[in-house]
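Colleague: Below is the file input17.pdb, which contains PDB, C-alpha atoms.
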ATOM      1  CA  LEU Z  20      -3.902  29.736  -7.872
ATOM      2  CA  ALA Z  21      -7.378  29.824  -6.249
ATOM      3  CA  ILE Z  22      -9.068  29.764  -9.665
ATOM      4  CA  PRO Z  23     -12.537  28.195  -9.518
ATOM      5  CA  GLN Z  24     -13.163  24.946 -11.342
ATOM      6  CA  PRO Z  25     -16.090  22.526 -11.186
ATOM      7  CA  LYS Z  26     -15.794  19.758  -8.592
ATOM      8  CA  ALA Z  27     -14.548  16.652 -10.339
ATOM      9  CA  GLY Z  28     -13.061  13.195 -10.057
ATOM     10  CA  ALA Z  29     -11.731  10.333 -12.144
ATOM     11  CA  VAL Z  30     -13.108   6.875 -11.415
ATOM     12  CA  THR Z  31     -12.146   3.366 -12.465
ATOM     13  CA  ALA Z  32     -15.178   1.439 -11.156
ATOM     14  CA  VAL Z  33     -18.952   1.845 -11.059
ATOM     15  CA  VAL Z  34     -19.095   2.055  -7.246
ATOM     16  CA  ALA Z  35     -16.393   4.733  -7.257
ATOM     17  CA  GLY Z  36     -18.437   6.655  -9.827
ATOM     18  CA  VAL Z  37     -21.484   6.639  -7.565
ATOM     19  CA  VAL Z  38     -19.369   7.763  -4.589
ATOM     20  CA  ALA Z  39     -17.803  10.569  -6.635
ATOM     21  CA  ALA Z  40     -21.177  11.766  -7.958
ATOM     22  CA  THR Z  41     -22.587  11.782  -4.417
ATOM     23  CA  ARG Z  42     -19.645  13.893  -3.217
ATOM     24  CA  ILE Z  43     -19.863  16.248  -6.222
ATOM     25  CA  GLY Z  44     -23.665  16.552  -6.297
ATOM     26  CA  ASP Z  45     -26.185  16.069  -9.111
ATOM     27  CA  PRO Z  46     -26.228  16.721 -11.981
ATOM     28  CA  VAL Z  47     -22.847  15.526 -13.202
ATOM     29  CA  LEU Z  48     -21.216  15.379 -16.609
ATOM     30  CA  VAL Z  49     -19.607  12.004 -17.288
ATOM     31  CA  ARG Z  50     -17.201  11.118 -20.079
ATOM     32  CA  PRO Z  51     -14.324   8.812 -20.888
ATOM     33  CA  SER Z  52     -11.013  10.362 -19.830
ATOM     34  CA  PHE Z  53      -9.792  10.466 -23.428
ATOM     35  CA  VAL Z  54     -12.836  11.647 -25.366
ATOM     36  CA  LEU Z  55     -12.778  13.122 -28.847
ATOM     37  CA  GLY Z  56     -15.590  15.279 -30.147
ATOM     38  CA  GLY Z  57     -17.906  14.601 -27.226
ATOM     39  CA  ARG Z  58     -18.239  10.887 -27.990
ATOM     40  CA  ALA Z  59     -19.949   9.105 -25.069
ATOM     41  CA  MET Z  60     -20.249  12.311 -23.016
ATOM     42  CA  GLN Z  61     -23.487  12.636 -21.060
ATOM     43  CA  ILE Z  62     -25.169  14.729 -18.370
ATOM     44  CA  VAL Z  63     -26.768  12.543 -15.696
ATOM     45  CA  GLY Z  64     -29.051  13.731 -12.947
ATOM     46  CA  ASN Z  65     -29.387  10.789 -10.593
ATOM     47  CA  GLU Z  66     -27.728   7.579  -9.401
ATOM     48  CA  GLN Z  67     -29.837   5.289 -11.591
ATOM     49  CA  ALA Z  68     -28.856   7.176 -14.764
ATOM     50  CA  LEU Z  69     -25.212   7.228 -13.654
ATOM     51  CA  ARG Z  70     -25.165   3.468 -13.013
ATOM     52  CA  HIS Z  71     -26.771   2.867 -16.419
ATOM     53  CA  TYR Z  72     -24.134   5.042 -18.115
ATOM     54  CA  LEU Z  73     -21.222   3.384 -16.295
ATOM     55  CA  HIS Z  74     -22.534  -0.130 -17.024
ATOM     56  CA  ASN Z  75     -23.599   0.388 -20.641
ATOM     57  CA  ALA Z  76     -22.122   3.455 -22.324
ATOM     58  CA  VAL Z  77     -18.423   3.157 -21.542
ATOM     59  CA  GLU Z  78     -15.779   0.778 -20.280
ATOM     60  CA  VAL Z  79     -14.739   1.714 -16.745
ATOM     61  CA  THR Z  80     -11.378   0.166 -15.796
ATOM     62  CA  GLU Z  81      -7.977   1.082 -14.370
ATOM     63  CA  ASP Z  82      -6.811   1.650 -17.954
ATOM     64  CA  SER Z  83      -9.981   3.537 -18.972
ATOM     65  CA  PRO Z  84     -11.017   5.958 -16.229
ATOM     66  CA  VAL Z  85     -14.219   7.952 -16.492
ATOM     67  CA  LEU Z  86     -14.290  11.628 -15.550
ATOM     68  CA  VAL Z  87     -17.139  12.828 -13.329
ATOM     69  CA  ASP Z  88     -17.539  16.627 -13.261
ATOM     70  CA  LYS Z  89     -20.117  18.851 -11.622
ATOM     71  CA  TYR Z  90     -22.436  20.047 -14.382
ATOM     72  CA  ILE Z  91     -22.791  23.832 -14.265
ATOM     73  CA  MET Z  92     -25.491  25.349 -16.428
ATOM     74  CA  GLY Z  93     -24.391  28.552 -18.097
ATOM     75  CA  LYS Z  94     -22.297  29.773 -20.995
ATOM     76  CA  GLU Z  95     -19.062  28.335 -22.308
ATOM     77  CA  ALA Z  96     -16.249  30.459 -23.652
ATOM     78  CA  GLU Z  97     -12.638  29.924 -24.564
ATOM     79  CA  VAL Z  98      -9.396  31.743 -25.107
ATOM     80  CA  ASP Z  99      -6.434  30.968 -27.306
ATOM     81  CA  ALA Z 100      -3.357  32.730 -25.958
ATOM     82  CA  ILE Z 101       0.397  32.879 -26.421
ATOM     83  CA  CYS Z 102       2.874  33.054 -23.543
ATOM     84  CA  ASP Z 103       6.603  33.672 -23.874
ATOM     85  CA  ALA Z 104       9.502  32.614 -21.659
ATOM     86  CA  GLU Z 105       9.364  35.926 -19.758
ATOM     87  CA  GLY Z 106       5.692  35.437 -18.835
ATOM     88  CA  ASN Z 107       4.272  37.947 -21.294
ATOM     89  CA  VAL Z 108       0.809  36.803 -22.400
ATOM     90  CA  PHE Z 109      -0.924  37.800 -25.627
ATOM     91  CA  ILE Z 110      -4.685  37.187 -25.931
ATOM     92  CA  PRO Z 111      -6.099  38.095 -29.361
ATOM     93  CA  GLY Z 112      -9.714  37.500 -28.318
ATOM     94  CA  ILE Z 113     -12.331  35.633 -26.319
ATOM     95  CA  MET Z 114     -14.671  33.265 -28.141
ATOM     96  CA  GLU Z 115     -18.144  32.354 -26.892
ATOM     97  CA  HIS Z 116     -19.921  29.077 -27.607
ATOM     98  CA  VAL Z 117     -23.437  29.200 -29.033
ATOM     99  CA  GLU Z 118     -24.570  25.900 -27.462
ATOM    100  CA  HIS Z 119     -25.401  25.341 -23.797
ATOM    101  CA  THR Z 120     -22.789  24.012 -21.391
ATOM    102  CA  GLY Z 121     -22.114  20.318 -21.656
ATOM    103  CA  VAL Z 122     -21.743  20.233 -25.441
ATOM    104  CA  HIS Z 123     -18.162  19.192 -26.139
ATOM    105  CA  SER Z 124     -16.138  22.111 -27.478
ATOM    106  CA  GLY Z 125     -15.225  20.075 -30.549
ATOM    107  CA  ASP Z 126     -18.933  19.802 -31.372
ATOM    108  CA  SER Z 127     -19.893  23.397 -30.623
ATOM    109  CA  ILE Z 128     -19.885  26.623 -32.587
ATOM    110  CA  SER Z 129     -17.532  29.347 -31.378
ATOM    111  CA  VAL Z 130     -18.296  32.987 -32.089
ATOM    112  CA  TYR Z 131     -15.924  35.941 -32.030
ATOM    113  CA  PRO Z 132     -16.370  38.509 -30.692
ATOM    114  CA  SER Z 133     -18.359  37.190 -27.752
ATOM    115  CA  PHE Z 134     -21.974  38.278 -27.797
ATOM    116  CA  SER Z 135     -23.184  38.106 -24.191
ATOM    117  CA  LEU Z 136     -20.220  38.127 -21.815
ATOM    118  CA  SER Z 137     -19.988  41.102 -19.474
ATOM    119  CA  ALA Z 138     -16.851  43.219 -19.194
ATOM    120  CA  LYS Z 139     -16.364  41.833 -15.654
ATOM    121  CA  VAL Z 140     -16.445  38.236 -16.945
ATOM    122  CA  LYS Z 141     -13.994  39.022 -19.753
ATOM    123  CA  GLU Z 142     -11.598  40.679 -17.283
ATOM    124  CA  GLN Z 143     -11.768  37.580 -15.075
ATOM    125  CA  MET Z 144     -11.008  35.302 -18.044
ATOM    126  CA  ILE Z 145      -8.051  37.469 -19.017
ATOM    127  CA  ASP Z 146      -6.736  37.404 -15.435
ATOM    128  CA  TYR Z 147      -7.044  33.595 -15.237
ATOM    129  CA  THR Z 148      -5.444  33.182 -18.670
ATOM    130  CA  ILE Z 149      -2.424  35.282 -17.686
ATOM    131  CA  ARG Z 150      -1.983  33.640 -14.294
ATOM    132  CA  LEU Z 151      -2.306  30.106 -15.693
ATOM    133  CA  GLY Z 152       0.089  30.684 -18.605
ATOM    134  CA  ARG Z 153       2.728  32.041 -16.254
ATOM    135  CA  ALA Z 154       2.228  29.452 -13.495
ATOM    136  CA  ILE Z 155       2.316  26.494 -15.869
ATOM    137  CA  GLY Z 156       5.329  27.940 -17.648
ATOM    138  CA  ILE Z 157       3.862  27.682 -21.108
ATOM    139  CA  VAL Z 158       5.983  28.949 -23.994
ATOM    140  CA  GLY Z 159       3.803  29.085 -27.086
ATOM    141  CA  LEU Z 160       0.106  28.589 -27.725
ATOM    142  CA  TYR Z 161      -2.436  27.415 -25.176
ATOM    143  CA  ASN Z 162      -6.209  27.138 -24.963
ATOM    144  CA  ILE Z 163      -8.427  27.601 -21.910
ATOM    145  CA  GLN Z 164     -12.093  26.639 -21.764
ATOM    146  CA  PHE Z 165     -14.405  28.385 -19.295
ATOM    147  CA  ILE Z 166     -17.919  28.132 -17.906
ATOM    148  CA  VAL Z 167     -19.773  31.239 -16.774
ATOM    149  CA  ASP Z 168     -22.697  30.487 -14.466
ATOM    150  CA  SER Z 169     -25.915  32.475 -14.082
ATOM    151  CA  GLU Z 170     -24.278  34.710 -11.444
ATOM    152  CA  ASP Z 171     -21.313  35.526 -13.738
ATOM    153  CA  LYS Z 172     -18.887  33.354 -11.772
ATOM    154  CA  VAL Z 173     -16.124  32.126 -14.095
ATOM    155  CA  TYR Z 174     -14.833  28.542 -13.809
ATOM    156  CA  VAL Z 175     -11.947  26.965 -15.688
ATOM    157  CA  ILE Z 176     -12.928  23.671 -17.314
ATOM    158  CA  GLU Z 177      -9.543  22.833 -18.777
ATOM    159  CA  VAL Z 178      -6.229  24.223 -19.927
ATOM    160  CA  ASN Z 179      -4.589  22.733 -23.003
ATOM    161  CA  PRO Z 180      -0.896  23.690 -23.282
ATOM    162  CA  ARG Z 181      -0.940  23.442 -27.068
ATOM    163  CA  SER Z 182      -2.588  24.843 -30.139
ATOM    164  CA  SER Z 183      -6.303  24.121 -30.463
ATOM    165  CA  ARG Z 184      -8.734  23.768 -33.349
ATOM    166  CA  THR Z 185      -9.879  27.375 -32.789
ATOM    167  CA  VAL Z 186      -6.492  28.997 -33.562
ATOM    168  CA  PRO Z 187      -7.150  29.263 -37.329
ATOM    169  CA  PHE Z 188     -10.648  30.659 -36.662
ATOM    170  CA  LEU Z 189      -9.434  33.265 -34.160
ATOM    171  CA  SER Z 190      -6.451  34.153 -36.365
ATOM    172  CA  LYS Z 191      -8.707  34.828 -39.337
ATOM    173  CA  SER Z 192     -11.298  36.672 -37.226
ATOM    174  CA  THR Z 193      -8.746  38.973 -35.609
ATOM    175  CA  ASN Z 194      -6.214  39.167 -38.457
ATOM    176  CA  VAL Z 195      -3.522  38.056 -35.991
ATOM    177  CA  PRO Z 196      -1.135  35.331 -37.292
ATOM    178  CA  MET Z 197      -1.152  33.343 -34.035
ATOM    179  CA  ALA Z 198       0.752  30.301 -35.304
ATOM    180  CA  LYS Z 199       3.494  32.516 -36.712
ATOM    181  CA  ILE Z 200       3.790  34.523 -33.465
ATOM    182  CA  ALA Z 201       3.777  31.375 -31.328
ATOM    183  CA  THR Z 202       6.457  29.756 -33.493
ATOM    184  CA  ARG Z 203       8.697  32.791 -33.088
ATOM    185  CA  VAL Z 204       8.107  32.794 -29.330
ATOM    186  CA  MET Z 205       8.984  29.075 -29.114
ATOM    187  CA  LEU Z 206      12.130  29.511 -31.200
TER     188      LEU Z 206
END
Show me the file's structure as C-alpha cells.
Modeller:
Amino acid sequence: LAIPQPKAGAVTAVVAGVVAATRIGDPVLVRPSFVLGGRAMQIVGNEQALRHYLHNAVEVTEDSPVLVDKYIMGKEAEVDAICDAEGNVFIPGIMEHVEHTGVHSGDSISVYPSFSLSAKVKEQMIDYTIRLGRAIGIVGLYNIQFIVDSEDKVYVIEVNPRSSRTVPFLSKSTNVPMAKIATRVML
C-alpha cells in the first residue's frame, strides 16, 4: 500500500541482530517478538550496546526471535477503528501518547483529543487507517499505532486486527459505544 513504516527485521541470533542493525542504522529499538507491556524493550545506539542486550537481556533463538526496528524520535499516536464487510471505516478519534517514542503503548498515557498533531498528520492517519482496514479485510475493531517524526511524516508501527486496551477509554471519551457497534458489524 506504500504506507511508510520504520525499517525492521526479526533475528534469531546475535550475529544476525548486528547485521540487521547495521542495515537498518542506529539507533534501533530491540524487543522480544512477543512482548507485553514493554518488558525487555530497549533503545540501543551502537553495536556494543546491541551485543550486550542480545547476550544478556533476552533469549535469542529460533523459537524466540528478537525484533529490531529503526528508532524514530517523534510523537506516537493511535487509532481504534471499526471496519465492516463492505469496507466502510468508522474512526471515533485519534489518541496521542504523552511519552516519547519508544515507550511501549501498554506503558504510555493516551490522550484524547490529540494535543499537538497537525490537521495534515491527522488526515494522513485517517487515510492509512481506511486503506489498511479495507486491504486487510478486517470486519470489526482494529488498532493502529503510528509515529510522527519531526517533519510530520507519519509511519505505521503496527496494526492489530482486534480490540485494544484503548477501546474503553476512547468509547468513554467520545461517547461512542465502540464494542457494541463492532459486535453488530461482526454479526
Colleague: Which residues would end up in the selection if the PyMOL selection byres ((chain Z and resi 156) around 10) were applied here, given that I need the answer as a VMD selection string?
Modeller: chain Z and resid 102 to 106 150 to 155 157 to 159 180
Colleague: I need the residue nearest Z:Ile101 from this list: Z:Ala29, Z:Ile163, Z:Val173, Z:Val37. Use only C-alpha atoms for the distance.
Modeller: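 Nearest candidate to Z:Ile101 out of Z:Ala29, Z:Ile163, Z:Val173, Z:Val37: Z:Ile163.
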Colleague: Given all atoms listed in the file as the basis, pick out the residue of Z:Ile149, Z:Ile128, Z:Ala32, Z:Val167 nearest to Z:Val108.
Modeller: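 Selected residue with least distance to Z:Val108: Z:Ile149.
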Colleague: Find, counting all atoms listed in the file, the residue in Z:Ile176, Z:Val204, Z:Val122, Z:Val130 that gets nearest to Z:Met144.
Modeller: Z:Ile176
Colleague: Find the residues near Z:Ala96: any atom within 8 Å, counting all atoms listed in the file, skip ones fewer than 3 places away on the same chain, and give them as a list in words.
Modeller: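 Listed by chain and then number, they are Ile113, Met114, Glu115, His116, Ser129, Gln164, Phe165, Ile166 and Val167 of chain Z.
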Colleague: Which residue gives the smallest distance to Z:Ala21 among Z:Asp146, Z:Lys199, Z:Val186, Z:Asn65, with only C-alpha atoms counted?
Modeller: Z:Asp146
Colleague: State, in Å with one decimal place, the distance from atom CA of Z:Glu170 to atom CA of Z:Lys94.
Modeller: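 Between atom CA of Z:Glu170 and atom CA of Z:Lys94 the gap works out to 10.9 Å.
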Colleague: Please write as a PyMOL selection string the list of polymer residues whose atoms come within 10 Å of (-2.3, 24.2, -36.6), counting all atoms listed in the file and keeping to the coordinates of the file.
Modeller: chain Z and resi 181-187+197-198
Colleague: If you take every atom of stretch 107-124 of chain Z that the file lists and fit an axis-aligned box around them with 3 Å extra on each side, what centre and edge lengths come out in Å to one decimal, as AutoDock Vina command-line options?
Modeller:
--center_x -10.6 --center_y 28.6 --center_z -25.3 --size_x 35.7 --size_y 24.9 --size_z 14.1
